[in-house]
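Have a look at entry.txt; it's compact mmCIF, C-alpha atoms and all ligand atoms:
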# COMPACT_ATOMS: atom_id res chain seq x y z
CA MET R 343 149.42 96.89 177.86
CA ILE R 344 145.98 95.29 177.71
CA LYS R 345 145.50 91.60 176.95
CA LEU R 346 142.40 90.31 175.19
CA THR R 347 141.40 87.53 172.84
CA ILE R 348 139.76 87.92 169.44
CA ASP R 349 138.42 84.73 167.88
CA ASN R 350 140.47 82.85 170.52
CA ILE R 351 143.72 84.54 169.45
CA SER R 352 145.51 86.49 172.21
CA VAL R 353 146.73 89.96 171.46
CA GLU R 354 148.30 92.71 173.57
CA VAL R 355 147.54 96.32 172.73
CA GLU R 356 147.91 99.84 174.13
CA PRO R 357 145.07 101.12 176.33
CA GLY R 358 142.59 103.14 174.26
CA THR R 359 142.93 100.89 171.21
CA THR R 360 139.63 99.96 169.58
CA ILE R 361 138.62 96.34 169.03
CA LEU R 362 138.88 96.94 165.26
CA GLN R 363 142.47 98.17 165.49
CA ALA R 364 143.37 95.28 167.82
CA ALA R 365 141.84 92.83 165.34
CA ARG R 366 143.82 94.43 162.49
CA MET R 367 146.99 93.70 164.48
CA VAL R 368 146.02 90.01 164.39
CA GLY R 369 145.18 90.47 160.70
CA GLY R 370 143.54 88.18 158.14
CA ASP R 371 139.86 87.32 158.44
CA VAL R 372 139.88 88.14 162.14
CA ALA R 373 139.79 91.85 161.22
CA PRO R 374 136.15 92.90 160.74
CA PRO R 375 135.24 94.75 157.55
CA ALA R 376 134.91 98.54 157.91
CA MET R 377 133.01 100.72 155.47
CA CYS R 378 132.92 104.03 157.36
CA PHE R 379 135.87 103.96 159.79
CA TYR R 380 139.10 105.43 158.36
CA THR R 381 142.20 105.56 160.54
CA LYS R 382 143.32 108.97 159.25
CA LEU R 383 139.94 110.66 159.71
CA LYS R 384 139.07 111.90 163.19
CA GLY R 385 135.50 111.08 164.25
CA SER R 386 134.96 108.49 161.50
CA GLY R 387 133.23 105.18 162.25
CA GLY R 388 129.98 104.19 163.93
CA LYS R 389 127.80 104.75 160.86
CA CYS R 390 127.69 101.60 158.75
CA ARG R 391 127.60 98.73 161.32
CA THR R 392 129.60 96.37 159.14
CA CYS R 393 132.26 96.04 161.85
CA LEU R 394 129.87 94.57 164.46
CA VAL R 395 131.41 91.98 166.80
CA GLU R 396 130.24 89.97 169.79
CA VAL R 397 131.84 90.67 173.17
CA ALA R 398 131.43 87.35 174.98
CA LYS R 399 133.26 88.59 178.09
CA GLY R 400 133.40 92.31 178.92
CA SER R 401 136.59 92.27 180.99
CA THR R 402 138.32 90.44 183.85
CA ALA R 403 136.70 92.82 186.34
CA ASP R 404 133.21 92.46 184.83
CA PRO R 405 133.02 89.19 182.88
CA ARG R 406 129.39 89.67 181.78
CA PRO R 407 128.93 89.56 178.02
CA MET R 408 127.84 92.77 176.33
CA PRO R 409 124.08 92.50 175.72
CA LYS R 410 124.21 93.48 172.02
CA LEU R 411 126.70 93.24 169.22
CA VAL R 412 128.96 96.31 169.28
CA ALA R 413 130.62 98.42 166.59
CA SER R 414 134.26 97.37 166.89
CA CYS R 415 135.52 100.64 165.39
CA ARG R 416 134.00 102.60 168.28
CA THR R 417 134.50 100.20 171.23
CA THR R 418 137.77 100.26 173.14
CA VAL R 419 139.41 97.14 174.50
CA MET R 420 139.36 96.07 178.18
CA GLU R 421 141.69 93.79 180.10
CA GLY R 422 140.58 90.16 179.71
CA MET R 423 137.96 90.96 177.06
CA GLU R 424 136.86 88.10 174.81
CA VAL R 425 135.73 89.14 171.37
CA LYS R 426 134.20 86.98 168.68
CA ASN R 427 134.13 87.94 165.05
CA ILE R 428 134.19 85.12 162.52
CA THR R 429 133.67 82.56 165.28
CA SER R 430 130.27 84.05 166.15
CA PRO R 431 127.25 82.91 164.10
CA LYS R 432 125.37 85.92 165.51
CA VAL R 433 127.93 88.30 163.99
CA LEU R 434 127.89 86.60 160.62
CA ASP R 435 124.09 86.70 160.59
CA ALA R 436 124.02 90.39 161.58
CA ARG R 437 126.61 91.25 158.93
CA LYS R 438 124.45 89.56 156.35
CA GLY R 439 121.57 91.77 157.49
CA VAL R 440 123.75 94.90 157.29
CA VAL R 441 124.77 94.02 153.74
CA GLU R 442 121.11 93.54 152.83
CA PHE R 443 120.35 97.00 154.25
CA LEU R 444 123.27 98.62 152.43
CA LEU R 445 122.13 97.04 149.20
CA ILE R 446 118.52 98.23 149.54
CA ASN R 447 119.35 101.37 147.62
CA HIS R 448 122.77 100.61 146.21
CA PRO R 449 122.41 99.61 142.55
CA LEU R 450 124.06 96.39 141.38
CA ASP R 451 125.82 98.13 138.51
CA CYS R 452 129.26 96.62 139.16
CA PRO R 453 129.65 95.69 135.47
CA VAL R 454 129.75 99.39 134.53
CA CYS R 455 131.00 100.92 137.79
CA ASP R 456 134.58 102.25 137.92
CA GLN R 457 134.95 101.10 141.51
CA ALA R 458 134.41 97.42 140.61
CA GLY R 459 137.42 95.37 141.61
CA GLU R 460 138.34 97.68 144.49
CA CYS R 461 134.88 98.26 146.01
CA HIS R 462 134.50 97.35 149.66
CA LEU R 463 130.76 96.84 149.26
CA GLN R 464 131.39 94.42 146.40
CA ASP R 465 133.73 92.39 148.66
CA LEU R 466 131.23 92.56 151.50
CA GLY R 467 128.38 91.45 149.26
CA TYR R 468 130.50 88.60 147.93
CA GLU R 469 131.50 87.41 151.40
CA HIS R 470 128.32 88.07 153.37
CA GLY R 471 125.50 88.88 150.96
CA ALA R 472 122.35 86.87 150.32
CA GLU R 473 121.49 85.59 146.84
CA ALA R 474 118.40 87.75 146.56
CA THR R 475 116.84 90.81 148.13
CA ARG R 476 113.55 90.86 149.99
CA TYR R 477 113.03 94.53 149.22
CA GLU R 478 110.00 95.20 147.05
CA PHE R 479 109.68 98.98 147.02
CA LYS R 480 110.92 101.60 144.62
CA ARG R 481 114.61 102.34 145.13
CA ARG R 482 116.01 105.77 145.87
CA THR R 483 117.69 107.23 142.80
CA PHE R 484 119.46 110.50 142.05
CA GLU R 485 120.77 112.31 139.00
CA LYS R 486 124.56 112.20 138.52
CA HIS R 487 126.36 115.44 139.32
CA ASP R 488 129.71 116.78 138.24
CA LEU R 489 131.39 118.25 141.30
CA GLY R 490 133.87 120.46 139.51
CA LYS R 491 135.97 119.31 136.58
CA TYR R 492 137.57 116.32 138.27
CA ILE R 493 134.95 114.52 140.35
CA GLN R 494 131.59 112.99 139.56
CA LEU R 495 129.04 112.15 142.24
CA HIS R 496 126.70 109.27 141.63
CA MET R 497 124.63 109.64 144.78
CA THR R 498 122.55 106.54 144.04
CA ARG R 499 125.61 104.47 144.97
CA CYS R 500 126.40 106.38 148.18
CA ILE R 501 126.12 104.49 151.48
CA LEU R 502 126.35 107.68 153.58
CA CYS R 503 129.52 106.67 155.36
CA TYR R 504 130.60 110.33 155.87
CA ARG R 505 134.22 109.62 154.91
CA CYS R 506 134.24 112.22 152.12
CA VAL R 507 132.72 114.81 154.45
CA PHE R 508 135.41 114.20 157.09
CA THR R 509 138.10 114.28 154.39
CA ALA R 510 136.90 117.66 153.09
CA ASP R 511 136.68 118.93 156.66
CA GLN R 512 140.07 117.72 157.81
CA VAL R 513 142.26 117.68 154.70
CA THR R 514 141.09 120.70 152.67
CA ASP R 515 140.86 124.25 153.97
CA LYS R 516 137.21 124.76 153.08
CA ARG R 517 134.49 122.11 153.02
CA GLN R 518 131.82 122.82 150.44
CA HIS R 519 129.79 119.64 150.62
CA GLY R 520 128.02 117.64 153.29
CA ILE R 521 125.05 115.39 153.99
CA LEU R 522 121.78 117.24 153.56
CA SER R 523 118.27 116.20 154.67
CA ARG R 524 117.28 113.26 156.83
CA GLY R 525 116.29 109.61 156.64
CA ASP R 526 116.04 108.22 153.15
CA HIS R 527 116.17 111.78 151.76
CA SER R 528 119.74 112.17 153.06
CA GLU R 529 122.20 112.94 150.32
CA ILE R 530 125.72 114.12 149.72
CA ALA R 531 125.36 117.53 148.13
CA THR R 532 126.96 120.90 147.64
CA TYR R 533 123.52 122.49 147.91
CA ILE R 534 123.92 125.16 145.24
CA GLU R 535 126.11 122.93 143.07
CA LYS R 536 129.33 124.55 144.17
CA SER R 537 132.22 122.80 142.57
CA LEU R 538 134.75 121.28 144.89
CA ASP R 539 137.97 122.78 143.64
CA ASN R 540 140.22 122.69 146.67
CA ASP R 541 143.76 121.41 146.08
CA PHE R 542 143.25 118.24 148.15
CA ILE R 543 139.61 117.49 147.37
CA GLY R 544 140.55 114.61 145.05
CA ASN R 545 141.18 112.52 148.17
CA VAL R 546 137.42 112.07 148.58
CA ILE R 547 137.62 109.68 145.63
CA ASP R 548 140.17 107.50 147.43
CA VAL R 549 138.22 107.34 150.70
CA CYS R 550 134.83 106.57 149.11
CA PRO R 551 134.32 102.85 149.79
CA VAL R 552 131.93 102.49 146.85
CA GLY R 553 131.70 104.07 143.39
CA ALA R 554 129.75 107.17 144.48
CA LEU R 555 132.66 109.56 143.96
CA THR R 556 134.67 108.82 140.85
CA ASP R 557 137.57 110.40 139.01
CA ARG R 558 136.20 112.13 135.89
CA THR R 559 139.59 111.82 134.19
CA PHE R 560 139.40 108.01 134.53
CA ARG R 561 135.67 107.24 134.27
CA PHE R 562 135.02 104.35 131.88
CA LYS R 563 138.60 104.37 130.61
CA ASN R 564 139.41 100.88 131.83
CA ARG R 565 138.65 98.11 134.28
CA VAL R 566 140.99 98.27 137.23
CA TRP R 567 142.11 94.66 136.85
CA PHE R 568 143.42 95.37 133.34
CA THR R 569 145.69 98.11 134.67
CA LYS R 570 149.14 97.72 136.19
CA PRO R 571 149.71 99.54 139.49
CA VAL R 572 153.24 100.90 140.05
CA GLU R 573 154.66 103.03 142.87
CA ALA R 574 156.03 106.38 141.69
CA HIS R 575 157.00 109.78 143.07
CA ARG R 576 157.71 113.31 141.93
CA ASN R 577 158.88 116.48 143.61
CA CYS R 578 155.69 118.24 144.59
CA ASP R 579 155.51 121.48 146.54
CA LYS R 580 151.97 120.75 147.78
CA CYS R 581 151.97 117.10 148.90
CA CYS R 582 154.31 114.16 149.50
CA GLY R 583 154.25 113.36 145.75
CA LYS R 584 154.18 109.59 146.50
CA VAL R 585 151.48 107.90 144.49
CA THR R 586 150.33 104.76 142.73
CA LEU R 587 150.14 105.03 138.94
CA TRP R 588 147.63 102.77 137.24
CA GLN R 589 149.11 102.08 133.82
CA ARG R 590 148.08 100.28 130.69
CA GLY R 591 151.27 99.69 128.78
CA GLU R 592 153.23 102.92 129.18
CA GLU R 593 150.12 105.03 129.46
CA VAL R 594 149.09 106.43 132.87
CA LEU R 595 145.32 106.07 133.11
CA ARG R 596 144.85 107.05 136.74
CA VAL R 597 146.81 108.36 139.72
CA THR R 598 145.77 107.55 143.31
CA GLY R 599 147.24 107.74 146.79
CA ARG R 600 149.09 104.64 147.97
CA LYS R 601 146.81 102.40 150.01
CA ASP R 602 147.60 99.99 152.84
CA GLN R 603 146.25 96.46 153.23
CA TRP R 604 142.99 97.84 154.69
CA GLY R 605 142.39 100.00 151.63
CA GLU R 606 143.25 103.25 153.45
CA VAL R 607 145.63 105.81 151.93
CA ASN R 608 149.07 106.16 153.51
CA GLU R 609 149.35 109.86 152.65
CA TRP R 610 147.00 112.40 151.08
CA ILE R 611 147.95 113.64 147.62
CA CYS R 612 147.13 116.92 145.86
CA ASN R 613 144.99 117.47 142.76
CA THR R 614 148.01 118.36 140.62
CA CYS R 615 149.61 114.95 141.24
CA ARG R 616 146.28 113.16 140.89
CA PHE R 617 144.72 114.82 137.88
CA GLU R 618 147.29 116.87 136.03
CA THR R 619 150.45 114.79 135.84
CA LYS R 620 149.39 111.87 133.70
CA LYS R 621 152.54 111.25 131.69
CA THR R 622 155.01 108.53 132.65
CA SER R 623 157.78 111.10 132.17
CA ASP R 624 156.28 113.22 134.99
CA TRP R 625 157.19 110.49 137.46
CA THR R 626 160.11 108.54 138.88
CA ILE R 627 158.94 104.93 138.88
CA GLU R 628 159.93 102.93 141.96
CA GLY R 629 158.55 99.52 140.97
CA PRO R 630 155.38 97.44 140.94
CA THR R 631 152.87 97.91 143.76
CA LYS R 632 152.48 94.88 146.01
CA VAL R 633 148.97 93.61 145.44
CA SER R 634 147.35 90.99 147.67
CA ARG R 635 146.63 87.71 145.86
CA HIS R 636 143.12 88.06 147.30
CA SER R 637 142.45 91.06 145.05
CA VAL R 638 141.18 90.79 141.49
CA ILE R 639 143.76 93.48 140.63
CA SER R 640 146.51 90.91 141.12
CA GLN R 641 145.49 89.21 137.87
CA GLY R 642 147.24 91.94 135.86
CA HIS R 643 150.20 92.08 138.19
CA TYR R 644 153.38 90.54 136.92
CA GLU R 645 155.87 91.04 139.74
CA THR R 646 156.27 87.36 140.53
CA MET R 647 155.01 86.02 137.22
CA VAL R 648 156.27 82.63 136.11
CA LYS R 649 155.82 82.14 132.39
CA PRO R 650 153.48 79.18 131.94
CA ASN R 651 154.35 76.27 129.71
CA GLU R 652 153.08 76.41 126.17
CA THR R 653 149.69 74.75 126.75
CA PHE R 654 148.78 74.10 123.13
CA SER R 655 151.83 72.03 122.25
CA ALA R 656 151.63 70.26 125.63
CA VAL R 657 148.13 68.98 124.91
CA HIS R 658 148.84 68.48 121.22
CA GLY R 659 151.59 65.93 121.58
CA GLY R 660 154.41 68.48 121.21
CA ARG R 661 153.11 69.84 117.88
CA ASN R 662 152.63 73.55 117.31
CA PRO R 663 149.37 74.85 115.85
CA LYS R 664 149.23 75.21 112.06
CA LEU R 665 147.17 78.36 112.13
CA LEU R 666 146.73 81.01 114.84
CA MET R 667 144.41 83.97 114.62
CA ASP R 668 145.69 87.18 116.19
CA ILE R 669 142.54 88.68 117.70
CA HIS R 670 144.30 91.99 118.34
CA SER R 671 144.60 92.75 114.67
CA VAL R 672 141.06 91.58 114.05
CA SER R 673 139.35 93.39 116.91
CA GLU R 674 141.09 96.73 116.19
CA VAL R 675 140.80 97.86 119.82
CA ASN R 676 144.46 97.76 120.76
CA THR R 677 145.51 100.67 118.63
CA PRO R 678 148.77 102.12 119.96
CA GLY R 679 147.89 105.52 118.44
CA VAL R 680 144.86 105.92 120.71
CA ASP R 681 145.72 107.34 124.12
CA LEU R 682 142.88 106.20 126.40
CA SER R 683 143.73 108.71 129.11
CA LEU R 684 143.26 111.60 126.66
CA ILE R 685 139.78 110.57 125.52
CA GLN R 686 137.07 112.73 127.07
CA GLY R 687 134.30 110.57 128.55
CA PRO R 688 133.82 106.87 127.94
CA ALA R 689 135.74 105.33 125.05
CA THR R 690 133.52 104.18 122.21
CA SER R 691 134.13 102.44 118.90
CA ASP R 692 134.58 105.89 117.31
CA ASP R 693 137.82 106.23 119.24
CA PHE R 694 139.37 103.18 117.62
CA VAL R 695 140.39 102.26 114.18
CA THR R 696 137.62 101.90 111.64
CA ASN R 697 138.53 101.07 108.05
CA SER R 698 142.23 101.11 109.10
CA LYS R 699 142.09 104.81 109.98
CA VAL R 700 142.31 106.41 113.43
CA LEU R 701 139.17 108.48 113.43
CA ASN R 702 139.10 110.48 116.55
CA PRO R 703 141.72 109.91 119.26
CA SER R 704 140.58 112.82 121.40
CA LYS R 705 136.84 113.04 121.18
CA PRO R 706 135.43 116.46 122.27
S1 LIG N 1 130.00 109.66 148.62
FE1 LIG N 1 131.28 107.86 149.16
S2 LIG N 1 132.63 108.63 150.81
FE2 LIG N 1 130.93 110.11 150.62
S3 LIG N 1 129.40 109.43 152.14
FE3 LIG N 1 128.84 108.50 150.15
S4 LIG N 1 129.82 106.46 150.19
FE4 LIG N 1 130.80 107.70 151.79
S1 LIG N 2 133.28 100.68 160.36
FE1 LIG N 2 132.43 100.54 162.32
S2 LIG N 2 130.42 101.23 162.07
FE2 LIG N 2 131.30 101.49 160.09

Please re-express this file's structure in structure tokens.
Amino acid sequence: MIKLTIDNISVEVEPGTTILQAARMVGGDVAPPAMCFYTKLKGSGGKCRTCLVEVAKGSTADPRPMPKLVASCRTTVMEGMEVKNITSPKVLDARKGVVEFLLINHPLDCPVCDQAGECHLQDLGYEHGAEATRYEFKRRTFEKHDLGKYIQLHMTRCILCYRCVFTADQVTDKRQHGILSRGDHSEIATYIEKSLDNDFIGNVIDVCPVGALTDRTFRFKNRVWFTKPVEAHRNCDKCCGKVTLWQRGEEVLRVTGRKDQWGEVNEWICNTCRFETKKTSDWTIEGPTKVSRHSVISQGHYETMVKPNETFSAVHGGRNPKLLMDIHSVSEVNTPGVDLSLIQGPATSDDFVTNSKVLNPSKP
């Protein structure tokens, strides 16, 4: 075993372990953020530079510090190494610079982006971003593309992390997309607009750290923090059949792979489980997904909910209100007859009750 310290915390790991994996064993803030590395994908990492750390002492045999910050996902540990992550001002400054670079072309459309609430770039921007950009030039933009009937590519949001390319290469039997062109012309593309219809291609949505690849069956259906994630399984002859269902009431709005605390899927799931089995009755529910308190998703998560005291009567000297307005009946948006997961495209007011009549529950 190899002994090293990360942010002054000692840890012992197997030879060949990377600094990032060693830091994840310590856990918490000591683990650097990672936008391109993905444990399950061979060859991933080394692209985004968000995982930079300072190596203040190379090893017991050669105690010289490493001259530059290094990508922790691609640097293996050495005996006696001393690594600094959050204890290094240099690292924090460099990470701020990396975020600024990533945000040069990435639009700040979190209010309408489906990835908001589970976007690694959003977290990174929140933790390390500057208040304003210094970039004054025209930003790179692309048209949106439908990659087959299930996936939409919004290339403008892509940070070129290569995860989806590695996923298609290693999880499906035929990769039909890749990164074309160079420099700021680089883009994820299928070249002649081939649709990606392999059985496991839906996994590119789960690995995309931003909202560049989104699930067309879920786009604009809901904000992730309004949904309730539950663990469920079904007998599937193509994949493990173990998934997370994202429900609103009894309705299944989205199906994804189960993710670990680093946001990486535990097991790949097939397109049938992900896109075609969207009824609660298709699944055996195991129970609520454990969601970190750190995540905005935990706000709709009731596993350990304690019912709060009745605030109104508490502040009103024990008296109940004389009149309460039920905004649900007034706003007309919580119509049980409208199945959000069956609406094609974004839900609009046409999909809800107008003049007490359900107009169009499944818009063409
Ligand atoms: S589309 Fe997403 S997963 Fe693919 S390279 Fe871009 S950011 Fe990475
Ligand atoms: S996670 Fe290490 S360079 Fe991207």

Open item on the list: Let me see if you get this right: every residue at most 7 Å from ligand LIG 2 (chain N), counting all atoms listed in the file, written as a PyMOL selection string.
Closed with: chain R and resi 375-379+387-394+413-416

Those same residues, written as an mmCIF file, in the coordinates of the input with C-alpha atoms?
data_model
loop_
_atom_site.group_PDB
_atom_site.id
_atom_site.type_symbol
_atom_site.label_atom_id
_atom_site.label_comp_id
_atom_site.auth_asym_id
_atom_site.auth_seq_id
_atom_site.Cartn_x
_atom_site.Cartn_y
_atom_site.Cartn_z
ATOM 1 C CA PRO R 375 135.240 94.750 157.550
ATOM 2 C CA ALA R 376 134.910 98.540 157.910
ATOM 3 C CA MET R 377 133.010 100.720 155.470
ATOM 4 C CA CYS R 378 132.920 104.030 157.360
ATOM 5 C CA PHE R 379 135.870 103.960 159.790
ATOM 6 C CA GLY R 387 133.230 105.180 162.250
ATOM 7 C CA GLY R 388 129.980 104.190 163.930
ATOM 8 C CA LYS R 389 127.800 104.750 160.860
ATOM 9 C CA CYS R 390 127.690 101.600 158.750
ATOM 10 C CA ARG R 391 127.600 98.730 161.320
ATOM 11 C CA THR R 392 129.600 96.370 159.140
ATOM 12 C CA CYS R 393 132.260 96.040 161.850
ATOM 13 C CA LEU R 394 129.870 94.570 164.460
ATOM 14 C CA ALA R 413 130.620 98.420 166.590
ATOM 15 C CA SER R 414 134.260 97.370 166.890
ATOM 16 C CA CYS R 415 135.520 100.640 165.390
ATOM 17 C CA ARG R 416 134.000 102.600 168.280
#

Open item on the list: To check your reading of the model: which residues sit at most 6 Å from ligand LIG 1 (chain N) when counting only C-alpha atoms and all ligand atoms? Write the answer as a list in words.
Closed with: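 Result of the 6 Å neighbour search around ligand LIG 1 (chain N): Cys500, Ile501, Leu502, Cys503, Tyr504, Arg505, Cys506, Val549, Cys550, Pro551, Val552, Ala554 and Leu555 of chain R.
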
File dump, residues just selected, C-alpha atoms, as a CSV table (one decimal), in the frame of the given file:
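Once written, result-v1.csv looks like this:
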chain,number,residue,atom,x,y,z
R,500,CYS,CA,126.4,106.4,148.2
R,501,ILE,CA,126.1,104.5,151.5
R,502,LEU,CA,126.4,107.7,153.6
R,503,CYS,CA,129.5,106.7,155.4
R,504,TYR,CA,130.6,110.3,155.9
R,505,ARG,CA,134.2,109.6,154.9
R,506,CYS,CA,134.2,112.2,152.1
R,549,VAL,CA,138.2,107.3,150.7
R,550,CYS,CA,134.8,106.6,149.1
R,551,PRO,CA,134.3,102.8,149.8
R,552,VAL,CA,131.9,102.5,146.8
R,554,ALA,CA,129.8,107.2,144.5
R,555,LEU,CA,132.7,109.6,144.0

8 Å contact set for Glu593 of chain R, all atoms listed in the file, chain neighbours under 5 positions out, as a tab-separated table (two decimals) with C-alpha atoms, in the coordinates of the input:
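File produced: selection_29.tsv:
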chain	number	residue	atom	x	y	z
R	621	LYS	CA	152.54	111.25	131.69
R	622	THR	CA	155.01	108.53	132.65
R	681	ASP	CA	145.72	107.34	124.12
R	682	LEU	CA	142.88	106.20	126.40
R	683	SER	CA	143.73	108.71	129.11

Task: Atom-to-atom span, atom CA of Asn577 of chain R and atom CA of Arg600 of chain R, Å - done: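 Atom-to-atom, atom CA of Asn577 of chain R and atom CA of Arg600 of chain R are spaced 16.0 Å apart.
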
Open item on the list: Residues near Tyr468 of chain R, anyone? I mean within 12 Å using only C-alpha atoms, not counting same-chain ones fewer than 4 positions away, as a ChimeraX atom specification.
Closed with: /R:437-438,441-442,445,452,459,461-464,472-473

Open item on the list: I need the residue nearest Asp451 of chain R from this list: R:Lys384, R:His487, R:His496, R:Arg406. Use all atoms listed in the file for the distance.
Closed with: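 Closest residue, counting all atoms listed in the file: R:His496.
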
TODO: Quote the spacing between atom CA of Leu522 of chain R and atom CA of Leu450 of chain R in Å to one decimal place.
DONE: 24.3 Å

Go through segment 519-631 of chain R residue by residue and, counting only C-alpha atoms, keep those with an atom at most 12 Å from segment 475-483 of chain R; for each kept residue give the shortest atom pair and its distance in Å to one decimal, ordered by chain and increasing number, as JSON lines.
{"residue": "R:Gly525", "atom": "CA", "partner": "R:Arg482", "partner_atom": "CA", "distance": 11.4}
{"residue": "R:Asp526", "atom": "CA", "partner": "R:Arg482", "partner_atom": "CA", "distance": 7.7}
{"residue": "R:His527", "atom": "CA", "partner": "R:Arg482", "partner_atom": "CA", "distance": 8.4}
{"residue": "R:Ser528", "atom": "CA", "partner": "R:Arg482", "partner_atom": "CA", "distance": 10.3}
{"residue": "R:Glu529", "atom": "CA", "partner": "R:Thr483", "partner_atom": "CA", "distance": 10.5}

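Distance check against Val594 of chain R using all atoms listed in the file: of R:Thr347, R:Asn564, R:Thr614, R:Thr514, the minimum falls on R:Asn564.
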
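Across R:Lys399, R:Lys345, R:His519, R:Arg576, the tightest approach to Thr626 of chain R is made by R:Arg576 when counting all atoms listed in the file.
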
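With only C-alpha atoms as the atoms that count, the residue of R:Ala458, R:Val638, R:Met408, R:Leu587 with the shortest distance to Ser623 of chain R is R:Leu587.
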
Open item on the list: What does the structure give for the distance between atom CA of Lys491 of chain R and atom CA of Ser691 of chain R, in Å to one decimal?
Closed with: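 Separating atom CA of Lys491 of chain R from atom CA of Ser691 of chain R is a distance of 24.5 Å.
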
- [ ] Around the point (147.9, 112.7, 145.5), in the coordinates given by the file, pick out the residues reaching within 8 Å, counting all atoms listed in the file, and return them as an MDAnalysis selection string.
- [x] chainID R and resid 542 544:545 581:585 597:599 609:616

Task: Exercise: Asp488 of chain R partners within 10 Å, all atoms listed in the file, chain neighbours under 2 positions left out, as a ChimeraX atom specification - done: /R:486,490-496,535-538,555-556,558

- [ ] Pick out the residues sitting within 12 Å of Ile344 of chain R, and hand them over as a PyMOL selection string; count all atoms listed in the file, and ignore anything fewer than 6 positions along from it in its own chain.
- [x] chain R and resi 352-361+364+401-402+418-424

For Lys570 of chain R: contacts at 12 Å, only C-alpha atoms, fewer than 2 positions along chain excluded, given as a PDB file with C-alpha atoms, in the coordinates of the input:
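Final output, saved to around_35.pdb:
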ATOM      1  CA  ASN R 564     139.410 100.880 131.830  1.00  0.00           C
ATOM      2  CA  ARG R 565     138.650  98.110 134.280  1.00  0.00           C
ATOM      3  CA  VAL R 566     140.990  98.270 137.230  1.00  0.00           C
ATOM      4  CA  TRP R 567     142.110  94.660 136.850  1.00  0.00           C
ATOM      5  CA  PHE R 568     143.420  95.370 133.340  1.00  0.00           C
ATOM      6  CA  VAL R 572     153.240 100.900 140.050  1.00  0.00           C
ATOM      7  CA  GLU R 573     154.660 103.030 142.870  1.00  0.00           C
ATOM      8  CA  THR R 586     150.330 104.760 142.730  1.00  0.00           C
ATOM      9  CA  LEU R 587     150.140 105.030 138.940  1.00  0.00           C
ATOM     10  CA  TRP R 588     147.630 102.770 137.240  1.00  0.00           C
ATOM     11  CA  GLN R 589     149.110 102.080 133.820  1.00  0.00           C
ATOM     12  CA  ARG R 590     148.080 100.280 130.690  1.00  0.00           C
ATOM     13  CA  GLY R 591     151.270  99.690 128.780  1.00  0.00           C
ATOM     14  CA  GLU R 592     153.230 102.920 129.180  1.00  0.00           C
ATOM     15  CA  GLU R 593     150.120 105.030 129.460  1.00  0.00           C
ATOM     16  CA  VAL R 594     149.090 106.430 132.870  1.00  0.00           C
ATOM     17  CA  LEU R 595     145.320 106.070 133.110  1.00  0.00           C
ATOM     18  CA  ARG R 596     144.850 107.050 136.740  1.00  0.00           C
ATOM     19  CA  VAL R 597     146.810 108.360 139.720  1.00  0.00           C
ATOM     20  CA  GLY R 629     158.550  99.520 140.970  1.00  0.00           C
ATOM     21  CA  PRO R 630     155.380  97.440 140.940  1.00  0.00           C
ATOM     22  CA  THR R 631     152.870  97.910 143.760  1.00  0.00           C
ATOM     23  CA  LYS R 632     152.480  94.880 146.010  1.00  0.00           C
ATOM     24  CA  VAL R 633     148.970  93.610 145.440  1.00  0.00           C
ATOM     25  CA  VAL R 638     141.180  90.790 141.490  1.00  0.00           C
ATOM     26  CA  ILE R 639     143.760  93.480 140.630  1.00  0.00           C
ATOM     27  CA  SER R 640     146.510  90.910 141.120  1.00  0.00           C
ATOM     28  CA  GLN R 641     145.490  89.210 137.870  1.00  0.00           C
ATOM     29  CA  GLY R 642     147.240  91.940 135.860  1.00  0.00           C
ATOM     30  CA  HIS R 643     150.200  92.080 138.190  1.00  0.00           C
ATOM     31  CA  TYR R 644     153.380  90.540 136.920  1.00  0.00           C
ATOM     32  CA  GLU R 645     155.870  91.040 139.740  1.00  0.00           C
TER      33      GLU R 645
END

TODO: Have a look at R:Leu684, R:Met497, R:Cys578, R:Leu489 and name the one nearest to Asn540 of chain R; count only C-alpha atoms.
DONE: R:Leu489
